[in-house]
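One structure below.
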Amino acid sequence: MNSEDLFKKAIKLFPGGVNSPVRFYEPYPLYFSRASGSRIFDADGNEYLDFSMGFGANFAGYGNAEILSETMEYMGNPVPEGVPTRGEIILGEMVKEAVPSVEMMRFVNSGTEATMHAIRLARGYTGRKLILKMAGGFHGAHDYALVDAGSGVMTFGVPASKGIPEETAKTVIVGQYNNVENIEEIFKKYGKDIAAVITEPVMGNMGVIPPSPGFLQFLREITERYGSLLIFDEVITGFRFHYGAYQDLIKVHPDITTMGKILGGGMPVGLFGGSEEIMKNISPAGGIYQSGTFSANPFTVASGIATLKFLKKSNYESTIELARWIEEKLSPYKDLGVRVNRVYNMFTVFFNEKDVVDYSTARSSDVKKFFQFFRNLLKNGIYLSPGQFEASFIGMAHTPEEIEMAAFKMAYALEYDMNVGGDKNQ
Ligand SMILES: Cc1ncc(COP(=O)(O)O)c(C=O)c1O
């Protein structure tokens, strides 16, 4: 059955035909039946070089033999779900060693769960109600995170979805990433009621946007000044750029860290953690409730241990170098309205005349042109993350030959097929 036929069935089973909205694109999403290394294979008999890698969940490569065999060994010796296990201690110690600000943690099942509990923890710990998130930042699909900026520069949030009570959205203030003045203004007005600032340290969900110099340091300073907590949502960036979290590369340490994706090696995972002083307020040690049948479930833990073992001895540098190649190959198209934002080994190709440095410049990108590019690359065997506001990723399985060819195809698509910026000979 090909993708079109599968979608016809899916549309009767799942709203919009998919199990998560970002998986849909016109006219129907491709269905994938197999993955190996950096390659994914669709139900229509096509093979693609994958730059989405499970929206960043897979870093070691699909079916990595070492990870698979170690995970299977655990799976062959099942332990019960919903009870404490030795594995969770091994994985917990590995995380603590790699991310020193995470002295204590809780494993959960997704990034959404991780940020939801991190927010409750921050509120419970500080006794304050307000959360400051960044416009365009994404922290999962729960009520506290699915809040947009209202009109006006400094604003309480408005629900980004039907079904979220206005009262809930009003407990979230939406600020501007990379805008010190805006955050300072918000703190001046509401600082003593702000429980926490939550942000992706490197924006990945409005496309890749790096922090401007000093911005994260400023967030650390202002949260300390007002007695608020700082939450770094490292669901994407955890274990992505080096064996640890982004916070240690820039030496800005949050009070609470959330992680997910790579940590589970392809199994559903999330984690929130921080200092012992904060984390010991979680039930049953303290009065802030959090629980989950599948938290630290043995399969995820097994896969997480195997993945971290593999990543610890892996060469991250090569993935960063390959991402640099793409950036360099596409840089001549800047004058034609193409901007490549790269942070280490993740990147977004923006269709924009301006540099993309914040939410408003990101939103001014040409989404139609992005999908033209996306489709063109699909025809040429390349699968980018399917959205202008998504990040694409280079992992351990991508080879220099693959990236050289992909960079060439991307440049070719821009130069000849899309004719970005119009016909130069006219
Ligand atoms: C930064 C960030 N936080 C949280 C989430 C939510 O994670 P999950 O999809 O595992 O619930 C995502 C998902 O893409 C994310 O990118």
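Every chain in the structure tokens has a letter given in the order shown (A, B, ...), and although residue numbers restart at 1 in each chain, ligands are simply numbered from 1 in the order shown.
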
**Prompt:** Neighbours of ligand 1 within 7 Å, counting only C-alpha atoms and all ligand atoms, as number ranges by chain?
**Reply:** A: 55, 110-113, 115, 138-141, 200, 204-205, 233-236, 260-261, 269-270

Show me, as a ChimeraX atom specification, the residues that have an atom within 12 Å of Pro27 of chain A when counting only C-alpha atoms, minus same-chain residues fewer than 4 positions from it.
/A:3-4,7-8,16-17,23,371,375

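If you count only C-alpha atoms and ignore residues fewer than 4 places along the chain from segment 378-383 of chain A, what sits within 8 Å of it is Asn46, Glu47, Tyr48, Leu49, Asp50, Phe51, Ser52, Phe374, Ala406 and Lys409 of chain A.
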
Quick one: everything within 7 Å of Thr171 of chain A, counting only C-alpha atoms, minus sequence neighbours fewer than 4 positions away in the same chain. Send it as a compact mmCIF listing (two decimals) with N, CA, C and O atoms, in the first residue's frame.
# COMPACT_ATOMS: atom_id res chain seq x y z
N LYS A 129 2.94 32.43 40.98
CA LYS A 129 2.03 31.88 39.98
C LYS A 129 2.51 32.06 38.54
O LYS A 129 2.29 31.21 37.68
N LEU A 130 3.15 33.18 38.25
CA LEU A 130 3.39 33.53 36.84
C LEU A 130 4.59 32.79 36.24
O LEU A 130 5.60 32.58 36.90
N ILE A 131 4.44 32.46 34.96
CA ILE A 131 5.52 31.85 34.19
C ILE A 131 5.81 32.78 33.01
O ILE A 131 4.88 33.29 32.38
N GLU A 167 -8.10 31.77 31.91
CA GLU A 167 -7.50 31.99 33.23
C GLU A 167 -6.11 31.34 33.30
O GLU A 167 -5.19 31.85 33.91

Which residues, written as a compact mmCIF listing (two decimals) with C-alpha atoms, in the first residue's frame, have at least one atom at most 12 Å from Gly92 of chain A, with only C-alpha atoms counted and residues fewer than 5 positions away on the same chain left out?
# COMPACT_ATOMS: atom_id res chain seq x y z
CA THR A 85 14.72 -0.74 39.05
CA ARG A 86 18.52 -0.81 39.02
CA GLY A 87 18.53 0.56 35.47
CA GLU A 97 27.63 13.07 35.65
CA ALA A 98 27.02 14.60 32.20
CA VAL A 99 24.84 17.50 33.37
CA PRO A 100 26.11 18.63 36.78
CA VAL A 102 20.94 18.09 37.48
CA GLU A 103 21.75 16.78 40.94
CA MET A 104 18.36 15.06 41.23
CA MET A 105 15.84 14.26 38.55
CA ARG A 106 12.61 12.57 37.64
CA PHE A 107 12.25 10.53 34.47
CA LEU A 263 18.07 10.71 25.94
CA LEU A 271 13.34 14.24 32.33
CA PHE A 272 13.23 17.22 34.61
CA GLY A 273 15.86 17.88 37.20
CA ALA A 296 11.57 5.42 33.98
CA VAL A 301 15.88 3.16 30.54
CA ALA A 302 17.66 0.33 28.72
CA GLY A 304 18.79 5.43 27.28
CA ILE A 305 21.74 3.70 28.95
CA LEU A 308 24.46 7.46 26.38

May I have all residues of segment 165-374 of chain A that DSSP, computed from the backbone, assigns to strand (DSSP E or B), given as a PyMOL selection string? chain A and resi 172-175+194-199+203+205+207+209+229-233+256-260+270-274+282+288+338-343+346-351

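Proximity to Thr348 of chain A was assessed for A:Ile209, A:Pro284, A:Lys334, A:Ser364 counting only C-alpha atoms; the smallest distance is recorded for A:Ile209.
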
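Neighbouring residues of segment 191-193 of chain A at 12 Å or closer, counting only C-alpha atoms and skipping chain neighbours under 3 positions away, are Ala122, Arg123, Thr126, Gly127, Arg128, Lys129, Leu130, Ile131, Leu132, Thr171, Val172, Ile173, Ile183, Glu184, Glu185, Ile186, Phe187, Lys188, Ala196, Val197, Ile222, Thr223, Glu224, Arg225, Tyr226, Gly227, Ser228 and Leu229 of chain A.
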
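Those residues that approach Asn19 of chain A to within 12 Å, counting only C-alpha atoms, are Phe7, Ala10, Ile11, Leu13 and Pro29 of chain A; same-chain residues fewer than 6 positions away are not listed.
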
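Between atom CA of Ser360 of chain A and atom CA of Gln217 of chain A the interatomic distance comes to 22.1 Å.
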
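Here atom CA of Phe389 of chain A and atom CA of Thr300 of chain A stand 28.5 Å from one another.
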
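With only C-alpha atoms as the atoms that count, the residue of A:Gly274, A:Pro15, A:Gly264, A:Pro211 with the shortest distance to Leu91 of chain A is A:Gly264.
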
Taking only C-alpha atoms into account, produce a table as CSV in which each residue of segment 165-215 of chain A with an atom at most 8 Å from an atom of segment 339-344 of chain A appears once, together with its shortest atom pair and the distance in Å to one decimal, ordered by chain and rising number.
residue,atom,partner,partner_atom,distance
A:Val202,CA,A:Val343,CA,7.9
A:Val208,CA,A:Asn341,CA,5.9
A:Ile209,CA,A:Asn341,CA,6.5
A:Pro210,CA,A:Val343,CA,6.5

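Taking only C-alpha atoms into account, Ile394 of chain A lies nearest to A:Met53 out of the set A:Ala43, A:Ala195, A:Ile288, A:Met53.
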
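Among the candidates A:Gln176, A:Gln247, A:Thr199, A:Asn64, the residue lying nearest to Gly266 of chain A is A:Asn64 (atoms considered: only C-alpha atoms).
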
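A straight line drawn from atom CA of Glu221 of chain A to atom CA of Arg363 of chain A is 28.5 Å long.
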